[in-house]
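Data file: query24.txt. Format and content: compact mmCIF, C-alpha atoms and all ligand atoms.
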```txt
# COMPACT_ATOMS: atom_id res chain seq x y z
CA MET J 248 141.71 259.26 -64.07
CA PHE J 249 142.75 255.90 -65.51
CA ASN J 250 139.78 255.00 -67.68
CA ALA J 251 139.48 251.54 -66.14
CA HIS J 252 137.26 249.27 -68.19
CA VAL J 253 136.46 245.60 -68.34
CA LEU J 254 137.37 243.82 -71.56
CA GLU J 255 135.38 240.98 -73.02
CA LEU J 256 137.86 238.30 -74.02
CA PRO J 257 136.09 235.00 -74.66
CA GLU J 258 138.42 233.80 -77.41
CA ARG J 259 142.15 233.37 -77.74
CA ARG J 260 142.30 235.74 -80.69
CA ASP J 261 140.57 238.52 -78.72
CA LEU J 262 143.18 238.23 -75.99
CA ARG J 263 146.01 238.08 -78.53
CA GLU J 264 144.82 241.33 -80.09
CA VAL J 265 144.64 243.10 -76.72
CA LEU J 266 148.12 241.90 -75.76
CA ARG J 267 149.47 243.17 -79.05
CA ARG J 268 147.90 246.59 -78.50
CA VAL J 269 149.24 246.77 -74.96
CA GLY J 270 152.67 246.20 -76.49
CA VAL J 271 153.54 242.83 -74.96
CA GLN J 272 156.52 241.10 -76.59
CA THR J 273 155.93 237.87 -78.49
CA GLN J 274 157.42 235.68 -75.78
CA GLY J 275 155.38 237.24 -73.01
CA ARG J 276 152.32 237.01 -75.21
CA ASP J 277 152.46 233.19 -75.26
CA VAL J 278 152.64 233.03 -71.47
CA LEU J 279 149.85 235.55 -70.98
CA GLU J 280 147.65 233.82 -73.52
CA ARG J 281 147.70 230.76 -71.30
CA LYS J 282 146.72 232.86 -68.31
CA GLY J 283 144.24 235.30 -69.73
CA LEU J 284 141.53 232.92 -70.91
CA PHE J 285 139.05 231.07 -68.79
CA ARG J 286 137.48 227.71 -69.56
CA ALA J 287 134.83 225.72 -67.69
CA VAL J 288 134.70 222.02 -68.58
CA LYS J 289 131.87 219.84 -67.34
CA LEU J 290 132.20 216.06 -67.08
CA GLU J 291 129.60 213.46 -66.19
CA ASN J 292 129.68 209.99 -64.63
CA ILE J 293 132.94 210.57 -62.80
CA GLY J 294 133.74 207.98 -60.13
CA PHE J 295 134.20 209.50 -56.67
CA ARG J 296 137.90 208.58 -56.58
CA GLU J 297 138.61 210.33 -59.86
CA ALA J 298 136.45 213.29 -58.78
CA LEU J 299 138.39 213.72 -55.54
CA ILE J 300 141.77 213.40 -57.24
CA ALA J 301 140.69 215.81 -59.98
CA LYS J 302 139.53 218.36 -57.44
CA GLN J 303 142.80 218.12 -55.57
CA GLU J 304 144.89 218.38 -58.72
CA MET J 305 142.93 221.26 -60.20
CA LEU J 306 143.23 223.20 -56.93
CA GLY J 307 146.94 222.38 -56.89
CA ALA J 308 147.23 223.64 -60.46
CA GLY J 309 145.76 226.99 -59.45
CA GLY J 310 142.25 226.46 -60.83
CA ASP J 311 139.23 225.05 -59.08
CA ALA J 312 136.76 222.21 -59.40
CA ALA J 313 133.17 221.79 -58.32
CA THR J 314 131.80 218.44 -57.19
CA PRO J 315 128.49 217.65 -55.47
CA LYS J 316 128.50 217.36 -51.69
CA GLY J 317 127.96 213.60 -51.92
CA THR J 318 131.41 213.09 -53.48
CA VAL J 319 133.30 213.94 -50.31
CA GLU J 320 130.87 211.86 -48.25
CA PHE J 321 131.41 208.92 -50.65
CA SER J 322 127.64 208.64 -50.97
CA HIS J 323 127.67 208.94 -54.80
CA GLU J 324 129.27 206.28 -56.93
CA THR J 325 129.49 208.75 -59.78
CA SER J 326 128.84 212.45 -60.13
CA ASP J 327 129.29 215.46 -62.35
CA LEU J 328 132.49 217.42 -62.16
CA LEU J 329 133.08 221.00 -63.20
CA LEU J 330 136.66 222.06 -63.88
CA LEU J 331 137.42 225.78 -63.86
CA GLY J 332 140.64 227.39 -64.91
CA THR J 333 142.88 229.06 -67.45
CA PRO J 334 144.69 227.07 -70.18
CA LEU J 335 147.74 227.17 -67.90
CA HIS J 336 145.80 225.63 -65.01
CA PHE J 337 144.46 222.95 -67.33
CA ARG J 338 147.96 222.20 -68.65
CA ARG J 339 149.34 221.64 -65.17
CA PHE J 340 146.24 219.68 -64.18
CA LEU J 341 146.44 217.37 -67.21
CA ALA J 342 150.12 216.60 -66.60
CA LYS J 343 149.35 215.59 -63.01
CA MET J 344 146.20 213.63 -63.81
CA ARG J 345 148.01 211.49 -66.36
CA ARG J 346 150.17 210.09 -63.58
CA GLN J 347 147.27 209.31 -61.26
CA PRO J 348 145.62 205.87 -60.88
CA PHE J 349 142.09 204.63 -61.62
CA ARG J 350 140.56 206.30 -64.69
CA CYS J 351 142.38 209.60 -64.22
CA ARG J 352 144.42 209.21 -67.38
CA ALA J 353 141.32 208.62 -69.50
CA LEU J 354 139.70 211.65 -67.89
CA ALA J 355 142.76 213.77 -68.70
CA GLU J 356 142.74 212.59 -72.30
CA GLU J 357 139.07 213.42 -72.75
CA VAL J 358 139.50 216.89 -71.24
CA GLU J 359 142.53 217.61 -73.41
CA LYS J 360 140.80 216.42 -76.58
CA THR J 361 137.71 218.48 -75.76
CA LEU J 362 139.65 221.68 -75.12
CA GLU J 363 141.48 221.24 -78.43
CA ALA J 364 138.25 220.46 -80.26
CA TYR J 365 136.64 223.58 -78.81
CA GLU J 366 139.41 225.83 -80.15
CA ARG J 367 139.32 224.31 -83.63
CA ARG J 368 138.31 226.60 -86.48
CA ASP J 369 139.95 225.31 -89.67
CA PHE J 370 137.13 223.26 -91.14
CA VAL J 371 137.13 222.26 -94.81
CA LEU J 372 134.55 219.89 -96.26
CA SER J 373 135.84 217.68 -98.98
CA LEU J 374 133.11 217.29 -101.61
CA PRO J 375 133.15 215.09 -104.72
CA GLN J 376 133.86 218.20 -106.82
CA GLY J 377 136.47 219.77 -104.59
CA GLU J 378 137.07 221.49 -101.31
CA PHE J 379 134.42 223.54 -99.57
CA PRO J 380 136.12 225.61 -96.86
CA LEU J 381 134.06 226.81 -93.93
CA ASP J 382 136.29 229.82 -93.40
CA ARG J 383 133.18 231.97 -93.60
CA VAL J 384 129.59 231.21 -92.70
CA ARG J 385 127.89 229.28 -95.47
CA ILE J 386 124.22 229.74 -96.30
CA MET J 387 122.32 226.56 -97.10
CA GLY J 388 119.12 227.37 -99.00
CA VAL J 389 116.11 225.14 -98.25
CA LEU J 390 114.21 223.59 -101.12
CA ASN J 391 111.25 221.49 -100.05
CA VAL J 392 109.77 219.41 -102.86
CA THR J 393 106.83 218.39 -100.68
CA PRO J 394 103.11 219.13 -100.45
CA ASP J 395 103.20 219.51 -96.66
CA SER J 396 106.39 221.20 -95.40
CA PHE J 397 105.51 223.57 -92.60
CA SER J 398 106.39 226.85 -94.26
CA ASP J 399 106.68 226.30 -97.99
CA GLY J 400 104.83 223.01 -98.57
CA GLY J 401 103.31 222.73 -102.06
CA HIS J 402 105.16 225.74 -103.49
CA PHE J 403 107.83 223.80 -105.33
CA LEU J 404 106.26 220.44 -106.13
CA GLU J 405 106.58 221.01 -109.87
CA PRO J 406 110.18 220.26 -110.84
CA GLU J 407 110.53 223.42 -112.99
CA LYS J 408 109.43 225.61 -110.09
CA ALA J 409 111.79 223.81 -107.73
CA VAL J 410 114.76 224.21 -110.07
CA ALA J 411 113.91 227.88 -110.60
CA ARG J 412 113.73 228.44 -106.84
CA ALA J 413 117.13 226.77 -106.35
CA GLU J 414 118.63 228.99 -109.05
CA ALA J 415 117.06 232.05 -107.46
CA MET J 416 118.54 231.12 -104.08
CA VAL J 417 122.01 230.82 -105.63
CA GLU J 418 121.51 234.26 -107.20
CA GLU J 419 120.59 235.53 -103.76
CA GLY J 420 123.83 234.19 -102.33
CA ALA J 421 123.17 230.59 -101.23
CA ASP J 422 126.43 228.63 -100.94
CA LEU J 423 124.66 225.29 -101.15
CA VAL J 424 121.12 224.02 -101.58
CA ASP J 425 119.40 221.37 -99.47
CA VAL J 426 116.70 219.47 -101.34
CA GLY J 427 114.13 217.45 -99.40
CA GLY J 428 111.27 215.26 -100.59
CA GLU J 429 109.71 214.44 -97.24
CA SER J 430 108.42 216.81 -94.59
CA THR J 431 109.69 216.23 -91.07
CA ARG J 432 107.42 218.76 -89.37
CA PRO J 433 105.85 217.55 -86.11
CA TYR J 434 103.32 214.72 -86.56
CA SER J 435 104.02 214.57 -90.31
CA GLU J 436 103.56 211.17 -91.90
CA ARG J 437 106.43 209.29 -93.47
CA VAL J 438 106.25 208.93 -97.24
CA SER J 439 107.34 205.82 -99.11
CA ALA J 440 110.77 205.69 -100.73
CA GLU J 441 109.02 205.53 -104.14
CA GLU J 442 107.09 208.71 -103.47
CA GLU J 443 110.11 210.53 -102.05
CA TRP J 444 112.23 209.58 -105.06
CA LYS J 445 109.46 210.55 -107.48
CA ARG J 446 109.59 214.05 -106.01
CA LEU J 447 113.37 214.30 -105.81
CA GLU J 448 114.60 212.71 -109.03
CA PRO J 449 113.52 215.32 -111.58
CA VAL J 450 114.65 218.15 -109.33
CA LEU J 451 118.05 216.65 -108.63
CA GLU J 452 118.47 215.94 -112.33
CA GLY J 453 117.80 219.58 -113.03
CA LEU J 454 120.24 220.77 -110.38
CA VAL J 455 123.34 218.63 -110.06
CA ASP J 456 126.29 219.85 -112.12
CA ARG J 457 124.18 222.82 -113.28
CA LEU J 458 123.53 224.84 -110.19
CA GLY J 459 127.13 225.89 -109.60
CA VAL J 460 126.92 225.20 -105.86
CA PRO J 461 126.87 221.89 -103.97
CA VAL J 462 123.55 220.09 -103.60
CA SER J 463 122.68 218.32 -100.38
CA VAL J 464 119.88 215.77 -100.11
CA ASP J 465 117.69 216.02 -97.00
CA THR J 466 116.62 212.44 -96.39
CA SER J 467 116.64 209.80 -93.68
CA LYS J 468 116.30 206.89 -96.07
CA PRO J 469 119.60 205.24 -97.01
CA GLU J 470 118.28 204.09 -100.39
CA ILE J 471 117.21 207.63 -101.28
CA ALA J 472 120.56 209.03 -100.18
CA ALA J 473 122.37 206.45 -102.34
CA ARG J 474 120.23 207.21 -105.39
CA ALA J 475 120.72 210.94 -104.96
CA LEU J 476 124.48 210.50 -104.59
CA ASP J 477 124.51 208.29 -107.70
CA LEU J 478 122.79 211.12 -109.56
CA GLY J 479 125.51 213.53 -108.41
CA ALA J 480 124.32 215.06 -105.13
CA ASP J 481 127.26 216.22 -103.01
CA MET J 482 126.23 215.51 -99.46
CA VAL J 483 123.59 214.04 -97.15
CA ASN J 484 121.51 215.85 -94.54
CA ASP J 485 120.01 213.25 -92.21
CA VAL J 486 117.56 214.56 -89.62
CA LEU J 487 117.73 211.14 -87.94
CA GLY J 488 121.43 211.74 -87.30
CA LEU J 489 122.81 208.62 -89.00
CA ARG J 490 121.11 206.39 -86.46
CA ASP J 491 120.34 203.86 -89.21
CA GLU J 492 123.43 201.72 -89.80
CA ALA J 493 122.53 201.45 -93.46
CA MET J 494 122.79 205.24 -93.72
CA VAL J 495 126.23 205.10 -92.12
CA ARG J 496 127.24 202.56 -94.76
CA VAL J 497 126.01 204.81 -97.58
CA VAL J 498 127.88 207.86 -96.25
CA ALA J 499 131.02 205.76 -95.77
CA LYS J 500 130.78 204.16 -99.21
CA TYR J 501 130.26 207.41 -101.12
CA ASP J 502 132.68 209.24 -98.82
CA VAL J 503 130.62 212.43 -98.78
CA PRO J 504 129.94 214.99 -96.03
CA ALA J 505 126.90 214.33 -93.86
CA VAL J 506 124.92 216.42 -91.40
CA VAL J 507 124.26 214.57 -88.15
CA MET J 508 121.21 216.22 -86.62
CA HIS J 509 119.82 215.58 -83.15
CA MET J 510 116.18 214.60 -82.82
CA LEU J 511 114.50 213.13 -79.76
CA GLY J 512 112.33 210.28 -81.11
CA THR J 513 110.94 210.53 -84.64
CA PRO J 514 108.86 213.22 -86.40
CA GLU J 515 105.67 211.32 -85.51
CA THR J 516 106.44 211.36 -81.77
CA MET J 517 109.05 214.05 -81.17
CA GLN J 518 106.72 216.80 -79.93
CA GLU J 519 104.87 214.62 -77.40
CA SER J 520 106.13 216.48 -74.31
CA PRO J 521 109.87 216.22 -74.89
CA THR J 522 111.77 216.21 -71.60
CA TYR J 523 115.42 216.62 -70.73
CA ASP J 524 117.32 217.10 -67.46
CA ASP J 525 119.98 219.13 -69.22
CA VAL J 526 119.16 219.57 -72.88
CA VAL J 527 122.60 220.88 -73.88
CA ALA J 528 124.50 218.03 -72.21
CA GLU J 529 122.07 215.42 -73.56
CA VAL J 530 122.16 216.68 -77.14
CA LEU J 531 125.95 216.82 -76.94
CA ARG J 532 126.17 213.29 -75.59
CA TRP J 533 123.82 212.00 -78.29
CA LEU J 534 125.76 213.72 -81.09
CA ARG J 535 129.08 212.48 -79.68
CA GLU J 536 127.73 208.94 -79.68
CA ARG J 537 126.42 209.24 -83.24
CA LEU J 538 129.78 210.64 -84.42
CA ARG J 539 131.57 207.75 -82.72
CA ALA J 540 129.26 205.16 -84.32
CA ALA J 541 129.63 206.75 -87.75
CA VAL J 542 133.42 206.76 -87.53
CA GLU J 543 133.35 203.16 -86.31
CA GLY J 544 131.17 202.37 -89.31
CA GLY J 545 133.86 203.68 -91.65
CA VAL J 546 132.85 207.34 -92.12
CA ASP J 547 135.70 209.85 -92.31
CA GLU J 548 135.23 212.07 -89.25
CA GLU J 549 136.34 215.13 -91.24
CA LYS J 550 133.18 214.73 -93.33
CA LEU J 551 130.75 215.10 -90.43
CA ILE J 552 128.79 218.21 -89.49
CA VAL J 553 126.74 218.49 -86.30
CA ASP J 554 123.34 220.11 -85.82
CA PRO J 555 121.38 220.50 -82.54
CA GLY J 556 118.09 220.01 -84.43
CA ILE J 557 116.16 223.12 -83.44
CA GLY J 558 112.47 222.17 -83.17
CA PHE J 559 113.05 218.42 -83.35
CA GLY J 560 111.80 216.89 -80.10
CA LYS J 561 112.25 220.12 -78.17
CA ALA J 562 109.93 222.38 -76.21
CA PRO J 563 110.43 226.14 -76.76
CA GLU J 564 112.69 226.46 -73.71
CA HIS J 565 114.89 223.63 -75.01
CA ASN J 566 115.38 225.44 -78.32
CA LEU J 567 116.31 228.63 -76.50
CA ALA J 568 118.73 226.80 -74.17
CA LEU J 569 120.41 225.13 -77.14
CA LEU J 570 120.78 228.40 -78.99
CA ARG J 571 122.05 230.15 -75.85
CA ASN J 572 124.69 227.45 -75.35
CA LEU J 573 125.41 226.61 -78.98
CA GLY J 574 129.13 227.31 -78.49
CA SER J 575 129.30 224.24 -76.24
CA LEU J 576 128.79 222.05 -79.31
CA ARG J 577 132.23 223.22 -80.46
CA SER J 578 133.49 220.68 -77.90
CA LEU J 579 132.75 218.03 -80.53
CA GLY J 580 135.39 219.46 -82.84
CA ARG J 581 133.07 219.46 -85.85
CA PRO J 582 131.48 222.35 -87.75
CA ILE J 583 128.02 223.35 -86.54
CA LEU J 584 124.98 223.71 -88.79
CA VAL J 585 121.81 225.33 -87.42
CA GLY J 586 118.29 225.61 -88.78
CA THR J 587 116.27 228.29 -87.02
CA SER J 588 114.47 229.45 -90.15
CA ARG J 589 110.74 230.12 -89.70
CA LYS J 590 110.50 227.65 -86.81
CA SER J 591 107.73 227.82 -84.24
CA PHE J 592 109.97 228.77 -81.30
CA VAL J 593 110.26 232.19 -82.98
CA SER J 594 106.52 232.74 -82.63
CA HIS J 595 106.52 231.30 -79.16
CA ALA J 596 109.16 233.76 -77.95
CA THR J 597 107.81 236.82 -79.76
CA GLY J 598 104.10 236.29 -80.37
CA VAL J 599 104.38 236.83 -84.14
CA GLN J 600 102.22 234.94 -86.62
CA PRO J 601 103.84 232.01 -88.47
CA GLU J 602 104.23 234.07 -91.65
CA GLU J 603 106.00 236.82 -89.70
CA ARG J 604 108.96 234.81 -88.47
CA LEU J 605 111.64 236.28 -90.73
CA GLU J 606 113.10 238.84 -88.31
CA GLY J 607 113.18 236.39 -85.41
CA SER J 608 114.79 233.74 -87.61
CA LEU J 609 117.48 236.22 -88.64
CA ALA J 610 118.17 237.24 -85.03
CA ALA J 611 118.51 233.61 -83.97
CA GLY J 612 120.73 232.83 -86.97
CA VAL J 613 123.03 235.76 -86.26
CA LEU J 614 123.34 234.79 -82.59
CA ALA J 615 124.20 231.26 -83.73
CA VAL J 616 126.93 232.68 -85.97
CA ALA J 617 128.30 234.66 -83.02
CA GLN J 618 128.68 231.37 -81.17
CA GLY J 619 130.49 229.60 -83.95
CA ALA J 620 127.82 228.17 -86.31
CA ARG J 621 129.37 227.68 -89.76
CA ILE J 622 126.34 226.75 -91.85
CA LEU J 623 122.85 228.27 -91.56
CA ARG J 624 119.98 226.37 -93.15
CA VAL J 625 117.48 229.01 -94.26
CA HIS J 626 114.44 229.61 -96.46
CA ASP J 627 115.02 233.36 -96.80
CA VAL J 628 118.43 233.46 -98.44
CA ALA J 629 118.30 237.04 -99.75
CA GLN J 630 117.53 238.40 -96.29
CA THR J 631 119.96 236.14 -94.43
CA VAL J 632 123.05 236.86 -96.52
CA PRO J 633 123.48 240.55 -95.53
CA ALA J 634 122.58 239.82 -91.90
CA VAL J 635 125.27 237.15 -91.71
CA ARG J 636 127.85 239.20 -93.61
CA LEU J 637 127.33 242.05 -91.16
CA ALA J 638 127.63 239.68 -88.20
CA GLU J 639 130.90 238.38 -89.63
CA ALA J 640 132.19 241.89 -90.18
CA ILE J 641 131.49 242.74 -86.54
CA LEU J 642 132.93 239.48 -85.26
CA GLY J 643 136.09 239.62 -87.34
CA GLN J 644 137.61 236.23 -88.10
CA PRO J 645 135.32 233.23 -87.62
CA LYS J 646 134.87 232.22 -84.02
CA GLY J 647 135.69 228.55 -84.08
CA GLY J 648 133.15 226.07 -85.27
N1 LIG O 1 114.97 221.49 -90.25
C1 LIG O 1 114.03 221.03 -91.11
C2 LIG O 1 114.36 220.07 -92.06
N2 LIG O 1 115.62 219.60 -92.17
N3 LIG O 1 117.87 219.60 -91.43
C3 LIG O 1 118.81 220.03 -90.58
N4 LIG O 1 120.06 219.56 -90.68
N5 LIG O 1 118.54 220.96 -89.61
C4 LIG O 1 117.29 221.48 -89.45
O1 LIG O 1 117.11 222.30 -88.53
C5 LIG O 1 116.26 221.03 -90.34
C6 LIG O 1 116.58 220.06 -91.33
C7 LIG O 1 112.64 221.55 -91.02
O2 LIG O 1 112.47 222.61 -91.90
P1 LIG O 1 111.76 222.49 -93.34
O3 LIG O 1 112.63 221.71 -94.26
O4 LIG O 1 111.41 223.83 -93.83
O5 LIG O 1 110.39 221.75 -93.04
P2 LIG O 1 109.82 220.31 -93.36
O6 LIG O 1 110.60 219.32 -92.58
O7 LIG O 1 108.39 220.42 -92.93
O8 LIG O 1 109.97 220.06 -94.84
```
Could you show the structure in this file as structure tokens?
Amino acid sequence: MFNAHVLELPERRDLREVLRRVGVQTQGRDVLERKGLFRAVKLENIGFREALIAKQEMLGAGGDAATPKGTVEFSHETSDLLLLGTPLHFRRFLAKMRRQPFRCRALAEEVEKTLEAYERRDFVLSLPQGEFPLDRVRIMGVLNVTPDSFSDGGHFLEPEKAVARAEAMVEEGADLVDVGGESTRPYSERVSAEEEWKRLEPVLEGLVDRLGVPVSVDTSKPEIAARALDLGADMVNDVLGLRDEAMVRVVAKYDVPAVVMHMLGTPETMQESPTYDDVVAEVLRWLRERLRAAVEGGVDEEKLIVDPGIGFGKAPEHNLALLRNLGSLRSLGRPILVGTSRKSFVSHATGVQPEERLEGSLAAGVLAVAQGARILRVHDVAQTVPAVRLAEAILGQPKGG
């Protein structure tokens, strides 16, 4: 018999490899690469005229498009639109849409930019001390200099213990260390800038320029970020996602990388029955808007990292949906950072006690890597490193970011 079998070819490089093995010539390979991949692009707030034209053009291009019933009845002013096709279909579609009236050209440009962003995989962060390529998954070790962090609060309040823990994480394989002086766990209380700096200063002094890996400061206060950067920290991790304009100014002024994390509300309120219609689309929209505002505020886009904010203003099902669809965030064209480590959704899904969340955290982290995450923020560095290295070995080259 013929040994028929279905191949899984989600990425361009997977298809390229199969074509090579089949023995297709280089020229034919380019053509087949445009035909052998499938992409689904969802758009929101499309006017009915643009939706109808897009549907017609995508069908004409050989793909297809889904619109709600109301679009053809002209009963919706705006609607969602789902475009389905191969890169070849999209290429033909985009060429046609550019020549169409209304907002068709803008639609075509956004679709083209998004498809390109999704394929991107060559991320390099430029740090004060040099380049930090994300050509492999980087492990960010968590160091909480707080009395009340949810999993390690109070363990590293003494600066010597904190510095020793950071050094141990580097020994274990951490590629960077994230130091925080304020807990952001649900319902946690904000601490004053004085208190936060009192915790951070001696630890940062003991780490910067000594640790051998970049140091990130986990803070939402612009004045703390500025002080930490003055002391020599390399980047900012802002769980408020640069929503404070003053934080945007600090990141722009120091020209350092920054993590833009999604959170619904603030730590005090975020777990009061968070609701979304479509959590993936809403997180994506929010991050896109924050990226736009940061760039408008003078931040170099190449310095920004996105994070869906697992556990921040999300019910368990929202965390699972975000992790299941993490690859969608690649549409933003920025590297993805994820923090699943020891979070409560692990217990919710598996029934384990809070101190037994390691295995679940690793599973979630590895699945995030399979979908393109480039930085994992973890407490258990020693255990995460081999899990991630194995995932990378199975996956081959990195799968976009
Ligand atoms: N999670 C926590 C804190 N900071 N930053 C980013 N970018 N992504 C995350 O998922 C993230 C984060 C919460 O974890 P932890 O630091 O251990 O707890 P606490 O906030 O209680 O200190």
Please return as an mmCIF file with C-alpha atoms, keeping the file's coordinate frame every residue within 12 Å of (103.9, 225.5, -98.5), taking into account all atoms listed in the file and the file's own coordinates.
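Ended up saving to part01.cif:
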```cif
data_model
loop_
_atom_site.group_PDB
_atom_site.id
_atom_site.type_symbol
_atom_site.label_atom_id
_atom_site.label_comp_id
_atom_site.auth_asym_id
_atom_site.auth_seq_id
_atom_site.Cartn_x
_atom_site.Cartn_y
_atom_site.Cartn_z
ATOM 1 C CA LEU J 390 114.210 223.590 -101.120
ATOM 2 C CA ASN J 391 111.250 221.490 -100.050
ATOM 3 C CA VAL J 392 109.770 219.410 -102.860
ATOM 4 C CA THR J 393 106.830 218.390 -100.680
ATOM 5 C CA PRO J 394 103.110 219.130 -100.450
ATOM 6 C CA ASP J 395 103.200 219.510 -96.660
ATOM 7 C CA SER J 396 106.390 221.200 -95.400
ATOM 8 C CA PHE J 397 105.510 223.570 -92.600
ATOM 9 C CA SER J 398 106.390 226.850 -94.260
ATOM 10 C CA ASP J 399 106.680 226.300 -97.990
ATOM 11 C CA GLY J 400 104.830 223.010 -98.570
ATOM 12 C CA GLY J 401 103.310 222.730 -102.060
ATOM 13 C CA HIS J 402 105.160 225.740 -103.490
ATOM 14 C CA PHE J 403 107.830 223.800 -105.330
ATOM 15 C CA LEU J 404 106.260 220.440 -106.130
ATOM 16 C CA SER J 430 108.420 216.810 -94.590
ATOM 17 C CA ARG J 432 107.420 218.760 -89.370
ATOM 18 C CA PRO J 601 103.840 232.010 -88.470
ATOM 19 C CA GLU J 602 104.230 234.070 -91.650
ATOM 20 C CA HIS J 626 114.440 229.610 -96.460
#
```
| field | Between atom CA of Ala473 of chain J and atom CA of Val497 of chain J - distance in Å to one decimal | value | 6.2 Å
Step by step, gather every atom of ligand LIG 1 (chain O) that the file lists, find the box along x, y and z that holds them, add 8 Å on each side, and finally give centre and edge lengths in Å to one decimal, as JSON.
```
{"center_x": 114.2, "center_y": 221.6, "center_z": -91.7, "size_x": 27.7, "size_y": 20.5, "size_z": 22.3}
```
| Nearest to ligand LIG 1 (chain O) among J:Gly580, J:Gly317, J:Gly479, J:Gly428, with distances taken over only C-alpha atoms and all ligand atoms: which residue is it? |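 Of J:Gly580, J:Gly317, J:Gly479, J:Gly428, the one nearest ligand LIG 1 (chain O) is J:Gly428, counting only C-alpha atoms and all ligand atoms.
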| field | Within 9 Å of ligand LIG 1 (chain O) (only C-alpha atoms and all ligand atoms), residues as a ChimeraX atom specification | value | /J:389-400,425-433,435,465-466,484-486,488,506-509,514,552-559,584-590,623-626
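What separates atom CA of Val358 of chain J from atom CA of Gly619 of chain J is a distance of 20.1 Å.
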| Could you pull the residues within 12 Å of Lys561 of chain J, counting all atoms listed in the file, minus those fewer than 3 positions along the same chain, as number ranges by chain? | J: 433, 509-514, 516-523, 525-527, 529-530, 555-558, 564-570, 590-592
| task | Find the residues around Val546 of chain J up to 12 Å (only C-alpha atoms counted), leave out those fewer than 2 positions away in its own chain, and share them as a list in words. | result |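 Contacts, in chain order: Leu489, Glu492, Ala493, Met494, Val495, Arg496, Val497, Val498, Ala499, Lys500, Tyr501, Asp502, Val503, Pro504, Ala505, Val507, Arg537, Leu538, Arg539, Ala540, Ala541, Val542, Glu543, Gly544, Glu548, Glu549, Lys550, Leu551 and Ile552 of chain J.
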Nearby residues (all atoms listed in the file) at most 12 Å from Gln347 of chain J, same-chain spacing under 4 positions excluded, as a CSV table (one decimal) with C-alpha atoms, keeping the file's coordinate frame:
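Saved the output as result.csv:
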```
chain,number,residue,atom,x,y,z
J,296,ARG,CA,137.9,208.6,-56.6
J,297,GLU,CA,138.6,210.3,-59.9
J,298,ALA,CA,136.4,213.3,-58.8
J,299,LEU,CA,138.4,213.7,-55.5
J,300,ILE,CA,141.8,213.4,-57.2
J,301,ALA,CA,140.7,215.8,-60.0
J,303,GLN,CA,142.8,218.1,-55.6
J,304,GLU,CA,144.9,218.4,-58.7
J,340,PHE,CA,146.2,219.7,-64.2
J,341,LEU,CA,146.4,217.4,-67.2
J,342,ALA,CA,150.1,216.6,-66.6
J,343,LYS,CA,149.4,215.6,-63.0
J,351,CYS,CA,142.4,209.6,-64.2
J,352,ARG,CA,144.4,209.2,-67.4
J,353,ALA,CA,141.3,208.6,-69.5
J,354,LEU,CA,139.7,211.6,-67.9
J,355,ALA,CA,142.8,213.8,-68.7
```
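In this structure, atom CA of Gly643 of chain J sits 11.9 Å away from atom CA of Val384 of chain J.
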| said: For a quick check of understanding, using all atoms listed in the file, which of J:Arg446, J:His595, J:Arg368, J:Arg490 has the smallest distance to Arg581 of chain J? | reply: J:Arg368
